[in-house]
Structure formats: C-alpha cells, structure tokens
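Okay, start.tsv now, which holds TSV, C-alpha atoms and all ligand atoms:
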chain	number	residue	atom	x	y	z
A	152	MET	CA	-50.76	-72.70	33.08
A	153	THR	CA	-49.36	-69.58	34.75
A	154	ARG	CA	-45.66	-69.26	35.28
A	155	PRO	CA	-44.34	-68.20	38.71
A	156	PRO	CA	-43.27	-64.56	38.64
A	157	ASP	CA	-39.62	-63.91	37.84
A	158	PRO	CA	-37.63	-63.01	40.93
A	159	ALA	CA	-37.33	-59.28	41.50
A	160	PRO	CA	-34.30	-57.83	39.75
A	161	GLY	CA	-31.31	-58.16	42.00
A	162	ALA	CA	-32.99	-60.76	44.20
A	163	ARG	CA	-31.48	-64.24	44.44
A	164	GLN	CA	-28.66	-63.50	42.02
A	165	ARG	CA	-26.55	-61.98	44.77
A	166	VAL	CA	-25.25	-63.67	47.88
A	167	ARG	CA	-23.69	-62.27	51.04
A	168	VAL	CA	-20.78	-64.47	52.02
A	169	PHE	CA	-17.79	-64.79	54.29
A	170	PHE	CA	-15.11	-67.31	55.27
A	171	ALA	CA	-15.06	-68.45	58.89
A	172	ILE	CA	-14.17	-71.15	61.33
A	173	TRP	CA	-17.20	-72.75	62.95
A	174	PRO	CA	-17.02	-74.35	66.40
A	175	ALA	CA	-18.20	-77.88	67.12
A	176	PRO	CA	-21.31	-78.00	69.36
A	177	ALA	CA	-19.41	-78.44	72.66
A	178	ILE	CA	-17.31	-75.31	72.00
A	179	ALA	CA	-20.34	-73.36	70.82
A	180	ARG	CA	-22.17	-74.37	74.03
A	181	ARG	CA	-19.38	-73.03	76.22
A	182	LEU	CA	-19.22	-69.78	74.19
A	183	HIS	CA	-22.97	-69.41	74.45
A	184	GLN	CA	-22.78	-69.78	78.25
A	185	GLU	CA	-20.14	-67.07	78.37
A	186	GLY	CA	-22.50	-64.92	76.28
A	187	GLU	CA	-25.21	-65.49	78.88
A	188	ARG	CA	-22.90	-64.38	81.68
A	189	ALA	CA	-21.92	-61.23	79.78
A	190	HIS	CA	-25.55	-60.56	78.94
A	191	GLY	CA	-26.28	-60.37	82.67
A	192	LEU	CA	-23.87	-57.42	82.85
A	193	THR	CA	-24.57	-55.48	79.67
A	194	GLY	CA	-27.87	-56.71	78.22
A	195	GLY	CA	-28.06	-56.64	74.43
A	196	ARG	CA	-28.91	-59.39	71.98
A	197	ARG	CA	-27.29	-62.78	72.42
A	198	MET	CA	-26.14	-64.58	69.29
A	199	ARG	CA	-27.92	-67.90	68.88
A	200	ARG	CA	-25.72	-70.83	69.78
A	201	ASP	CA	-25.78	-72.31	66.29
A	202	THR	CA	-24.62	-69.03	64.74
A	203	LEU	CA	-21.43	-68.56	66.78
A	204	HIS	CA	-18.33	-68.39	64.56
A	205	LEU	CA	-15.08	-66.57	63.96
A	206	THR	CA	-14.85	-64.70	60.65
A	207	LEU	CA	-11.60	-65.09	58.71
A	208	ALA	CA	-12.52	-62.89	55.75
A	209	PHE	CA	-15.76	-61.04	55.04
A	210	ILE	CA	-16.56	-60.80	51.32
A	211	GLY	CA	-20.00	-59.15	51.31
A	212	ASP	CA	-22.52	-59.23	48.46
A	213	ILE	CA	-21.36	-60.87	45.25
A	214	PRO	CA	-23.14	-62.29	42.19
A	215	ARG	CA	-24.00	-65.92	42.87
A	216	GLU	CA	-22.04	-67.06	39.82
A	217	ARG	CA	-18.82	-65.82	41.44
A	218	LEU	CA	-19.09	-68.48	44.18
A	219	GLU	CA	-17.03	-70.79	41.99
A	220	GLU	CA	-14.19	-68.25	41.96
A	221	LEU	CA	-14.37	-68.05	45.75
A	222	ARG	CA	-14.17	-71.83	45.98
A	223	ALA	CA	-11.12	-71.78	43.71
A	224	ALA	CA	-9.48	-69.16	45.93
A	225	ALA	CA	-10.16	-71.20	49.08
A	226	HIS	CA	-8.76	-74.30	47.42
A	227	LYS	CA	-5.32	-72.64	47.24
A	228	VAL	CA	-5.09	-72.32	51.02
A	229	ALA	CA	-3.14	-74.97	52.96
A	230	PHE	CA	-2.95	-75.16	56.74
A	231	PRO	CA	-2.36	-77.78	59.41
A	232	PRO	CA	-5.08	-78.40	62.03
A	233	PHE	CA	-4.39	-76.32	65.14
A	234	THR	CA	-5.87	-75.32	68.48
A	235	LEU	CA	-7.14	-71.82	69.13
A	236	ARG	CA	-7.16	-70.87	72.79
A	237	LEU	CA	-9.88	-68.32	73.54
A	238	ASP	CA	-8.93	-66.76	76.85
A	239	ARG	CA	-10.80	-63.48	77.16
A	240	ILE	CA	-14.14	-61.76	76.80
A	241	ALA	CA	-14.11	-58.10	75.88
A	242	GLY	CA	-16.32	-55.40	74.40
A	243	TRP	CA	-16.00	-52.81	71.65
A	244	ARG	CA	-17.61	-49.48	72.30
A	245	HIS	CA	-17.82	-48.38	68.68
A	246	ASN	CA	-20.18	-51.18	67.62
A	247	HIS	CA	-21.54	-52.34	71.00
A	248	ILE	CA	-20.52	-55.93	70.63
A	249	VAL	CA	-19.15	-58.26	73.28
A	250	TRP	CA	-16.84	-60.94	71.99
A	251	ALA	CA	-14.56	-63.82	72.91
A	252	GLY	CA	-10.99	-63.65	71.70
A	253	ALA	CA	-7.45	-64.89	72.10
A	254	SER	CA	-4.59	-62.94	73.65
A	255	GLU	CA	-2.21	-64.90	71.43
A	256	LEU	CA	-3.08	-65.88	67.88
A	257	PRO	CA	-1.67	-69.19	66.70
A	258	GLY	CA	0.70	-68.77	63.73
A	259	GLU	CA	-1.46	-71.28	61.83
A	260	LEU	CA	-4.46	-68.98	62.12
A	261	GLU	CA	-2.51	-65.91	61.01
A	262	SER	CA	-1.14	-67.88	58.06
A	263	LEU	CA	-4.61	-69.13	57.16
A	264	VAL	CA	-5.97	-65.56	57.05
A	265	THR	CA	-2.95	-64.23	55.14
A	266	GLN	CA	-3.21	-66.99	52.53
A	267	LEU	CA	-6.95	-66.52	52.21
A	268	ASN	CA	-6.61	-62.76	51.70
A	269	ALA	CA	-3.86	-63.27	49.13
A	270	ALA	CA	-5.99	-65.76	47.19
A	271	LEU	CA	-8.99	-63.44	47.39
A	272	ALA	CA	-6.99	-60.44	46.18
A	273	GLU	CA	-5.61	-62.54	43.33
A	274	GLY	CA	-9.18	-63.48	42.41
A	275	GLY	CA	-10.19	-59.80	42.32
A	276	PHE	CA	-12.20	-59.83	45.57
A	277	PRO	CA	-12.03	-56.94	48.04
A	278	VAL	CA	-9.88	-57.68	51.07
A	279	GLU	CA	-9.70	-56.16	54.52
A	280	HIS	CA	-6.60	-54.02	54.99
A	281	ARG	CA	-7.08	-53.50	58.71
A	282	LYS	CA	-5.22	-55.84	61.02
A	283	PHE	CA	-7.08	-59.12	61.54
A	284	ALA	CA	-9.16	-58.79	64.71
A	285	ALA	CA	-10.00	-62.39	65.59
A	286	HIS	CA	-13.22	-62.48	67.60
A	287	VAL	CA	-16.38	-64.48	68.16
A	288	THR	CA	-19.29	-62.10	68.59
A	289	LEU	CA	-21.40	-63.16	71.59
A	290	LEU	CA	-23.67	-60.11	72.06
A	291	ARG	CA	-24.81	-57.22	69.92
A	292	ASN	CA	-26.29	-53.91	71.11
A	293	ALA	CA	-24.62	-54.26	74.50
A	294	ARG	CA	-25.19	-51.31	76.85
A	295	GLY	CA	-22.41	-49.32	78.43
A	296	GLU	CA	-18.89	-50.48	78.75
A	297	PHE	CA	-17.79	-54.07	79.15
A	298	SER	CA	-14.58	-54.55	81.11
A	299	ALA	CA	-12.42	-57.25	79.62
A	300	THR	CA	-12.29	-60.41	81.70
A	301	ALA	CA	-10.26	-63.60	81.50
A	302	LEU	CA	-11.97	-66.76	80.37
A	303	ASP	CA	-11.13	-69.21	83.09
A	304	PRO	CA	-10.62	-71.93	82.09
A	305	PRO	CA	-9.86	-70.85	78.54
A	306	ILE	CA	-11.70	-72.48	75.67
A	307	GLU	CA	-9.44	-74.79	73.67
A	308	TRP	CA	-10.95	-74.84	70.19
A	309	PRO	CA	-9.57	-77.53	67.85
A	310	VAL	CA	-9.71	-76.07	64.33
A	311	GLY	CA	-9.68	-78.67	61.58
A	312	GLU	CA	-11.36	-76.84	58.72
A	313	PHE	CA	-12.57	-73.51	57.46
A	314	VAL	CA	-15.90	-72.83	55.78
A	315	LEU	CA	-17.61	-70.57	53.26
A	316	VAL	CA	-20.86	-69.24	54.70
A	317	GLU	CA	-23.88	-67.56	53.18
A	318	SER	CA	-25.54	-64.97	55.37
A	319	ASP	CA	-29.23	-64.26	55.07
A	320	PRO	CA	-29.99	-61.10	57.06
A	321	LYS	CA	-33.26	-61.32	59.06
A	322	PRO	CA	-34.82	-58.90	61.52
A	323	GLU	CA	-34.19	-61.36	64.38
A	324	GLY	CA	-30.53	-61.82	63.37
A	325	ALA	CA	-28.78	-63.33	60.35
A	326	HIS	CA	-29.30	-66.93	59.33
A	327	TYR	CA	-26.17	-68.68	58.15
A	328	THR	CA	-25.69	-71.61	55.77
A	329	VAL	CA	-22.35	-73.33	55.38
A	330	LEU	CA	-21.82	-73.73	51.62
A	331	GLU	CA	-18.56	-75.65	51.68
A	332	SER	CA	-15.70	-76.59	53.97
A	333	TRP	CA	-11.95	-77.09	53.42
A	334	PRO	CA	-10.07	-79.33	55.87
A	335	GLY	CA	-6.58	-78.69	57.15
A	336	ALA	CA	-3.84	-81.12	56.11
A	337	ALA	CA	-1.54	-82.56	58.75
A	338	GLY	CA	1.63	-81.89	56.75
A	339	ALA	CA	0.76	-78.36	55.56
A	340	GLN	CA	3.14	-75.53	56.45
A	341	ALA	CA	1.81	-72.95	58.89
A	401	LIG	P1	-19.10	-59.08	63.60
A	401	LIG	O1	-19.67	-60.29	64.32
A	401	LIG	O2	-18.00	-58.43	64.32
A	401	LIG	O3	-20.19	-58.14	63.15
A	401	LIG	C1	-21.08	-61.97	59.22
A	401	LIG	O4	-21.59	-60.68	59.19
A	401	LIG	C2	-19.74	-62.00	59.87
A	401	LIG	O5	-18.80	-61.20	59.13
A	401	LIG	C3	-19.69	-61.50	61.29
A	401	LIG	O6	-18.78	-62.32	62.01
A	401	LIG	C4	-19.15	-60.10	61.16
A	401	LIG	O7	-18.41	-59.66	62.27
A	401	LIG	C5	-18.20	-60.27	60.00
A	401	LIG	N1	-17.91	-59.02	59.28
A	401	LIG	C6	-16.68	-58.50	59.06
A	401	LIG	N2	-16.75	-57.38	58.34
A	401	LIG	C7	-18.05	-57.16	58.10
A	401	LIG	C8	-18.76	-56.14	57.40
A	401	LIG	N3	-18.13	-55.14	56.78
A	401	LIG	N4	-20.10	-56.22	57.38
A	401	LIG	C9	-20.74	-57.24	57.99
A	401	LIG	N5	-20.14	-58.24	58.64
A	401	LIG	C10	-18.80	-58.20	58.70

What is this file in structure tokens?
Ligand code: 2AM
Amino acid sequence: MTRPPDPAPGARQRVRVFFAIWPAPAIARRLHQEGERAHGLTGGRRMRRDTLHLTLAFIGDIPRERLEELRAAAHKVAFPPFTLRLDRIAGWRHNHIVWAGASELPGELESLVTQLNAALAEGGFPVEHRKFAAHVTLLRNARGEFSATALDPPIEWPVGEFVLVESDPKPEGAHYTVLESWPGAAGAQA
C-alpha cells in the first residue's frame, strides 16, 4: 500500500487568522447592497456577502499549534452585547478599498479591541499599534476617489459575539472559516 505524500514543508502547519465580528445575514445583506451601490460608482471587486466582517485584530500566519494560545487569549476578554451603528461609506485611496464604518465607535467595541490586544500581547502575539480603524470592506480595487456618503438609514448591527477566523487566500478572494466564537455577557463591564 502506498502512503499519501507528506504535505509540503510549511504547508498546513501554518494558519492565517484574525479576530472579527461577523454580521447576521440580514445585516450582511444590507451591507452587500451598499457595496453594489458603491460599485456602480467606482467599479472594483465586491466582497461576497458571506465574507463581510469587521476585523478586530489581525494576527497573520501562525503555526497551527498556537491556535490554543489564541483561544486562551480570547477567553480573557469580557464585553457586554452592544449595537454598532454603521452610518457612512467611504474609500481609502492608499489601498483602493471602499468600506462601511461608524462615525462614533461604541465604548464596548473600543474596550473589546483594547482587551483583545492586551491579551494578545501578553500571549506574545504581534499587535497593531496604529489606531483601530473599524471598517467593513465592501469593495477592493476601486477606481478613482470615493466621496464619503452617509448611510441613510444607518445600519444598526447588534453585536453579541466575536469570532476567530481562518483565512484561506484564493485568487478569486479569500475564503473564511469561523473557528470559534465567544459571546458577550450581559453583566460584563465595557
Ligand atoms: P481589509 O479588509 O481592510 O483588507 C482579513 O484579511 C481581514 O484582516 C480583513 O478584514 C483585512 O482588512 C484585515 N487585516 C488587517 N490587517 C491586515 C494585514 N496586515 N494583512 C491582511 N489583512 C489585514
């Protein structure tokens, strides 16, 4: 009997991961529609509806065995469920993306990101030192400039959990798998 070939060195043992909040289908549908509207103005590549998310902390490539450490870090985070109001669509010139965002970040979201970064740093993971730029990417490779517009009515996104996601880069756009989720707790301090 022949054995299947061993995976190429470096393959499989590493995973590309990030923490995010993931919208329920109704919110994702509305975001996807807004992406369609923006696409009419700037072209580019629309994110698939099931991939829309807001990244809390991007980790990057790590050895698969370190996932347990990431889970332990996430377990330290406590937050109450909250509502995120997305009220604008804007574009970034430097990376040609068009995104949905919030003109005011709920304190609960800021606290969630701060706690997550602290737990990650404590666990020896790299953390982002730039200010948290909360956004849901709707389009990539947008042409020209996109003038910011108000989302009217705004999207009220109830956030009850955060998730750890594995990203599998593909030519047509990354595929994402939610590995685990952590719910908010009603009594948790923001
Ligand atoms: P983006 O949509 O603005 O590109 C998976 O790639 C998710 O992590 C995306 O939401 C992406 O944001 C975000 N991200 C943050 N920092 C990243 C980095 N250095 N490389 C790739 N993705 C990053």

Show me which residues line ligand LIG 401 (chain A), defined as having an atom within 7 Å of a ligand atom where only C-alpha atoms and all ligand atoms count, and present them as a PyMOL selection string. chain A and resi 169+204-206+208-209+211+287-288+318

Of the residues A:Gly274, A:Gly338, A:Pro322, A:Pro309, which is the one nearest to Lys227 in chain A, using only C-alpha atoms? A:Gly274

If you count only C-alpha atoms, the residue of A:Leu237, A:Val278, A:Ala299, A:Leu290 closest to Gly252 in chain A turns out to be A:Leu237

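With all atoms listed in the file as the atoms that count, the minimum distance from Pro174 in chain A to the choices A:Val310, A:Ala223, A:Ala251, A:Ala284 is reached by A:Val310.
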
Quick one: 6 Å padding each side, axis-aligned, all listed atoms of range 275-292 of chain A - centre and edge lengths in Å to one decimal, as AutoDock Vina command-line options?
--center_x -15.8 --center_y -59.0 --center_z 57.2 --size_x 33.1 --size_y 23.0 --size_z 41.7

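Using all atoms listed in the file, the smallest distance between any of A:Ile240, A:Pro232, A:Thr265, A:Arg217 and Ala337 in chain A comes from A:Pro232.
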
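Residue nearest Arg188 in chain A within the list A:Val329, A:Pro320, A:His286, A:Leu302: A:Leu302 [criterion: smallest interatomic distance, only C-alpha atoms].
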
What separates CA of Gln184 in chain A and CA of Thr328 in chain A is a distance of 22.7 Å

Can you work out the spacing between CA of Arg180 in chain A and CA of Asp201 in chain A in Å, to one decimal? 8.8 Å

Which neighbours of Ile306 in chain A fall inside 10 Å, counting only C-alpha atoms, when residues of the same chain fewer than 6 positions from it are skipped, and could you give them as a list in words? Ile178, Ala179, Arg181, Leu182, Thr234, Leu235, Arg236, Leu237, Asp238, Arg239, Ala251, Gly252 and Ala253 of chain A

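Minimum atom-to-atom distance to Leu256 in chain A, evaluated using only C-alpha atoms, belongs to A:Ala285 out of A:Ala229, A:Ile210, A:Ala285, A:Ala272.
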
What lies within 9 Å of Leu315 in chain A using all atoms listed in the file, ignoring chain neighbours under 4 positions off, as a PyMOL selection string? chain A and resi 168-172+221-222+225+328-333

6 Å contact set for Leu289 in chain A, all atoms listed in the file, chain neighbours under 6 positions out, as JSON, numbers by chain: {"A": [186, 197, 198, 249, 250]}

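Of note, CA of Gly335 in chain A and CA of Phe313 in chain A are spaced 7.9 Å apart.
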